[in-house]
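Below you'll find the structure, written out as structure tokens, and then a few comments.
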Amino acid sequence: MSYAETIKQHAGVQKRVEIIFSQALEEDFVQLFKEAEVATRYTKLAGVMGAGYSNPRLGDAIWPQLNLMYIIYCNEEDAKKIVEIVEKLRLQYIGEGIACFLSESTEV
């Protein structure tokens, strides 16, 4: 199947999941994604800086840590599994600051 045919096959309304978390947690996320067989297609943004409800992650001398951001487009079932993973890791790593946003998007 060609690239254009693959895009058309997956076109339409999908869920968009954005997860922002400390780089230190990536291994845990990746392992749980593999176990749940989700997030096999994603966009990863490294070196993400910001301030939310936990300590800032600015990559400087005062706040040296950085975040990662994953953007995942998937069906509703996979989005639910991803949200469950986020909730599990939030309980495991209280205070680490794991942000997750869920919205709808349309592939054209």
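Ordering of the structure tokens sets the chain letters (A, B, ...); residue numbers start at 1 within each chain; ligands are numbered from 1 in the order shown.
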Inset, instruction - Pull the strand (DSSP E) assignments for chain A out of DSSP run on the backbone, and list those residues as a ChimeraX atom specification. - result: /A:12-22,43-48,67-74,99-107
Can you write out the residues you just picked, keeping N, CA and C atoms, as a short mmCIF file (atom, residue, chain, number, x, y, z; two decimals), in the first residue's frame?
```cif
data_model
loop_
_atom_site.label_atom_id
_atom_site.label_comp_id
_atom_site.auth_asym_id
_atom_site.auth_seq_id
_atom_site.Cartn_x
_atom_site.Cartn_y
_atom_site.Cartn_z
N GLY A 12 -9.94 10.77 8.73
CA GLY A 12 -11.18 10.91 9.47
C GLY A 12 -10.92 11.37 10.90
N VAL A 13 -11.94 11.28 11.71
CA VAL A 13 -11.86 11.75 13.08
C VAL A 13 -11.04 10.76 13.91
N GLN A 14 -10.11 11.30 14.65
CA GLN A 14 -9.26 10.52 15.54
C GLN A 14 -9.14 11.25 16.87
N LYS A 15 -8.57 10.58 17.84
CA LYS A 15 -8.24 11.23 19.10
C LYS A 15 -6.80 11.72 19.00
N ARG A 16 -6.55 12.88 19.58
CA ARG A 16 -5.20 13.42 19.69
C ARG A 16 -4.86 13.42 21.18
N VAL A 17 -3.80 12.74 21.53
CA VAL A 17 -3.36 12.67 22.92
C VAL A 17 -2.01 13.37 23.00
N GLU A 18 -1.91 14.37 23.86
CA GLU A 18 -0.65 15.05 24.11
C GLU A 18 -0.25 14.75 25.55
N ILE A 19 0.97 14.25 25.72
CA ILE A 19 1.46 13.94 27.06
C ILE A 19 2.78 14.67 27.24
N ILE A 20 2.88 15.43 28.33
CA ILE A 20 4.11 16.15 28.67
C ILE A 20 4.57 15.62 30.02
N PHE A 21 5.83 15.17 30.07
CA PHE A 21 6.33 14.57 31.30
C PHE A 21 7.84 14.68 31.36
N SER A 22 8.40 14.46 32.53
CA SER A 22 9.84 14.53 32.75
C SER A 22 10.56 13.46 31.92
N THR A 43 4.58 11.36 17.60
CA THR A 43 5.58 12.41 17.41
C THR A 43 6.17 12.69 18.78
N LYS A 44 7.49 12.72 18.85
CA LYS A 44 8.18 12.96 20.12
C LYS A 44 8.95 14.26 20.01
N LEU A 45 8.70 15.15 20.97
CA LEU A 45 9.43 16.40 21.06
C LEU A 45 10.31 16.34 22.29
N ALA A 46 11.60 16.39 22.09
CA ALA A 46 12.55 16.32 23.21
C ALA A 46 12.95 17.73 23.63
N GLY A 47 13.43 17.83 24.85
CA GLY A 47 13.91 19.12 25.34
C GLY A 47 12.82 20.15 25.51
N VAL A 48 11.65 19.71 25.94
CA VAL A 48 10.51 20.61 26.12
C VAL A 48 10.65 21.33 27.46
N ASN A 67 11.50 18.34 29.95
CA ASN A 67 10.39 17.45 29.69
C ASN A 67 10.49 16.86 28.29
N LEU A 68 9.64 15.89 28.05
CA LEU A 68 9.38 15.35 26.72
C LEU A 68 7.91 15.57 26.43
N MET A 69 7.57 15.59 25.16
CA MET A 69 6.16 15.66 24.78
C MET A 69 5.92 14.62 23.70
N TYR A 70 4.92 13.81 23.93
CA TYR A 70 4.47 12.86 22.92
C TYR A 70 3.12 13.35 22.39
N ILE A 71 2.97 13.33 21.08
CA ILE A 71 1.69 13.60 20.43
C ILE A 71 1.31 12.32 19.70
N ILE A 72 0.15 11.81 20.04
CA ILE A 72 -0.29 10.52 19.52
C ILE A 72 -1.68 10.68 18.92
N TYR A 73 -1.85 10.24 17.70
CA TYR A 73 -3.16 10.20 17.05
C TYR A 73 -3.60 8.74 17.02
N CYS A 74 -4.81 8.47 17.52
CA CYS A 74 -5.25 7.08 17.65
C CYS A 74 -6.76 7.01 17.71
N ALA A 99 1.35 15.88 32.44
CA ALA A 99 0.19 16.52 31.83
C ALA A 99 -0.30 15.68 30.66
N CYS A 100 -1.61 15.58 30.53
CA CYS A 100 -2.19 14.82 29.43
C CYS A 100 -3.42 15.55 28.92
N PHE A 101 -3.47 15.74 27.62
CA PHE A 101 -4.58 16.44 26.98
C PHE A 101 -5.15 15.56 25.89
N LEU A 102 -6.46 15.48 25.84
CA LEU A 102 -7.16 14.64 24.89
C LEU A 102 -8.12 15.52 24.09
N SER A 103 -8.04 15.40 22.78
CA SER A 103 -8.94 16.18 21.93
C SER A 103 -9.22 15.38 20.66
N GLU A 104 -10.15 15.88 19.87
CA GLU A 104 -10.43 15.25 18.59
C GLU A 104 -9.71 15.97 17.49
N SER A 105 -9.34 15.24 16.47
CA SER A 105 -8.70 15.84 15.31
C SER A 105 -9.18 15.09 14.07
N THR A 106 -8.96 15.68 12.94
CA THR A 106 -9.38 15.07 11.69
C THR A 106 -8.22 15.01 10.73
N GLU A 107 -7.86 13.81 10.31
CA GLU A 107 -6.84 13.61 9.28
C GLU A 107 -7.50 13.86 7.93
#
```
Legend entry - Counting only C-alpha atoms, the option among A:Val83, A:Ile98, A:Leu25, A:Ala36 closest to A:Asn55: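 Of A:Val83, A:Ile98, A:Leu25, A:Ala36, the one nearest A:Asn55, counting only C-alpha atoms, is A:Ile98.
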Legend entry - Residues within 9 Å of A:Phe29, only C-alpha atoms, excluding chain neighbours under 6 positions, as a ChimeraX atom specification: /A:85-86,89
Legend entry - helix (DSSP H, G or I) call set, DSSP backbone run, stretch 40-79 of chain A, as number ranges by chain: A: 76-79
Inset, instruction - Using only C-alpha atoms, pick whichever of A:Gln92, A:Leu66, A:Ala39, A:Ala51 has the shortest atom-to-atom distance to A:Lys80. - result: A:Ala39
Env of A:Val38: 9 Å cut, atoms = only C-alpha atoms, seq-sep filter 2 positions within chain, self excluded. Answer as a PDB file with C-alpha atoms, in the first residue's frame.
```pdb
ATOM      1  CA  LEU A  32       3.717   0.500  29.402  1.00  0.00           C
ATOM      2  CA  PHE A  33       2.892   1.587  25.827  1.00  0.00           C
ATOM      3  CA  LYS A  34       4.504  -1.627  24.534  1.00  0.00           C
ATOM      4  CA  GLU A  35       2.645  -3.787  27.052  1.00  0.00           C
ATOM      5  CA  ALA A  36      -0.691  -2.169  26.117  1.00  0.00           C
ATOM      6  CA  THR A  40       3.158   2.727  18.033  1.00  0.00           C
ATOM      7  CA  ARG A  41       2.894   5.867  15.883  1.00  0.00           C
ATOM      8  CA  CYS A  74      -5.247   7.085  17.646  1.00  0.00           C
ATOM      9  CA  ASP A  78      -6.274   3.296  22.336  1.00  0.00           C
ATOM     10  CA  ALA A  79      -6.782   6.785  23.776  1.00  0.00           C
ATOM     11  CA  LYS A  81      -5.597   2.842  27.303  1.00  0.00           C
ATOM     12  CA  ILE A  82      -3.117   5.728  27.092  1.00  0.00           C
TER      13      ILE A  82
END
```
Inset, instruction - Measuring atom to atom with only C-alpha atoms, identify which of A:Ser54, A:Thr6, A:Val108, A:Ala61 is nearest to A:Arg90. - result: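 Residue with the minimum atom-to-atom distance to A:Arg90: A:Ser54.
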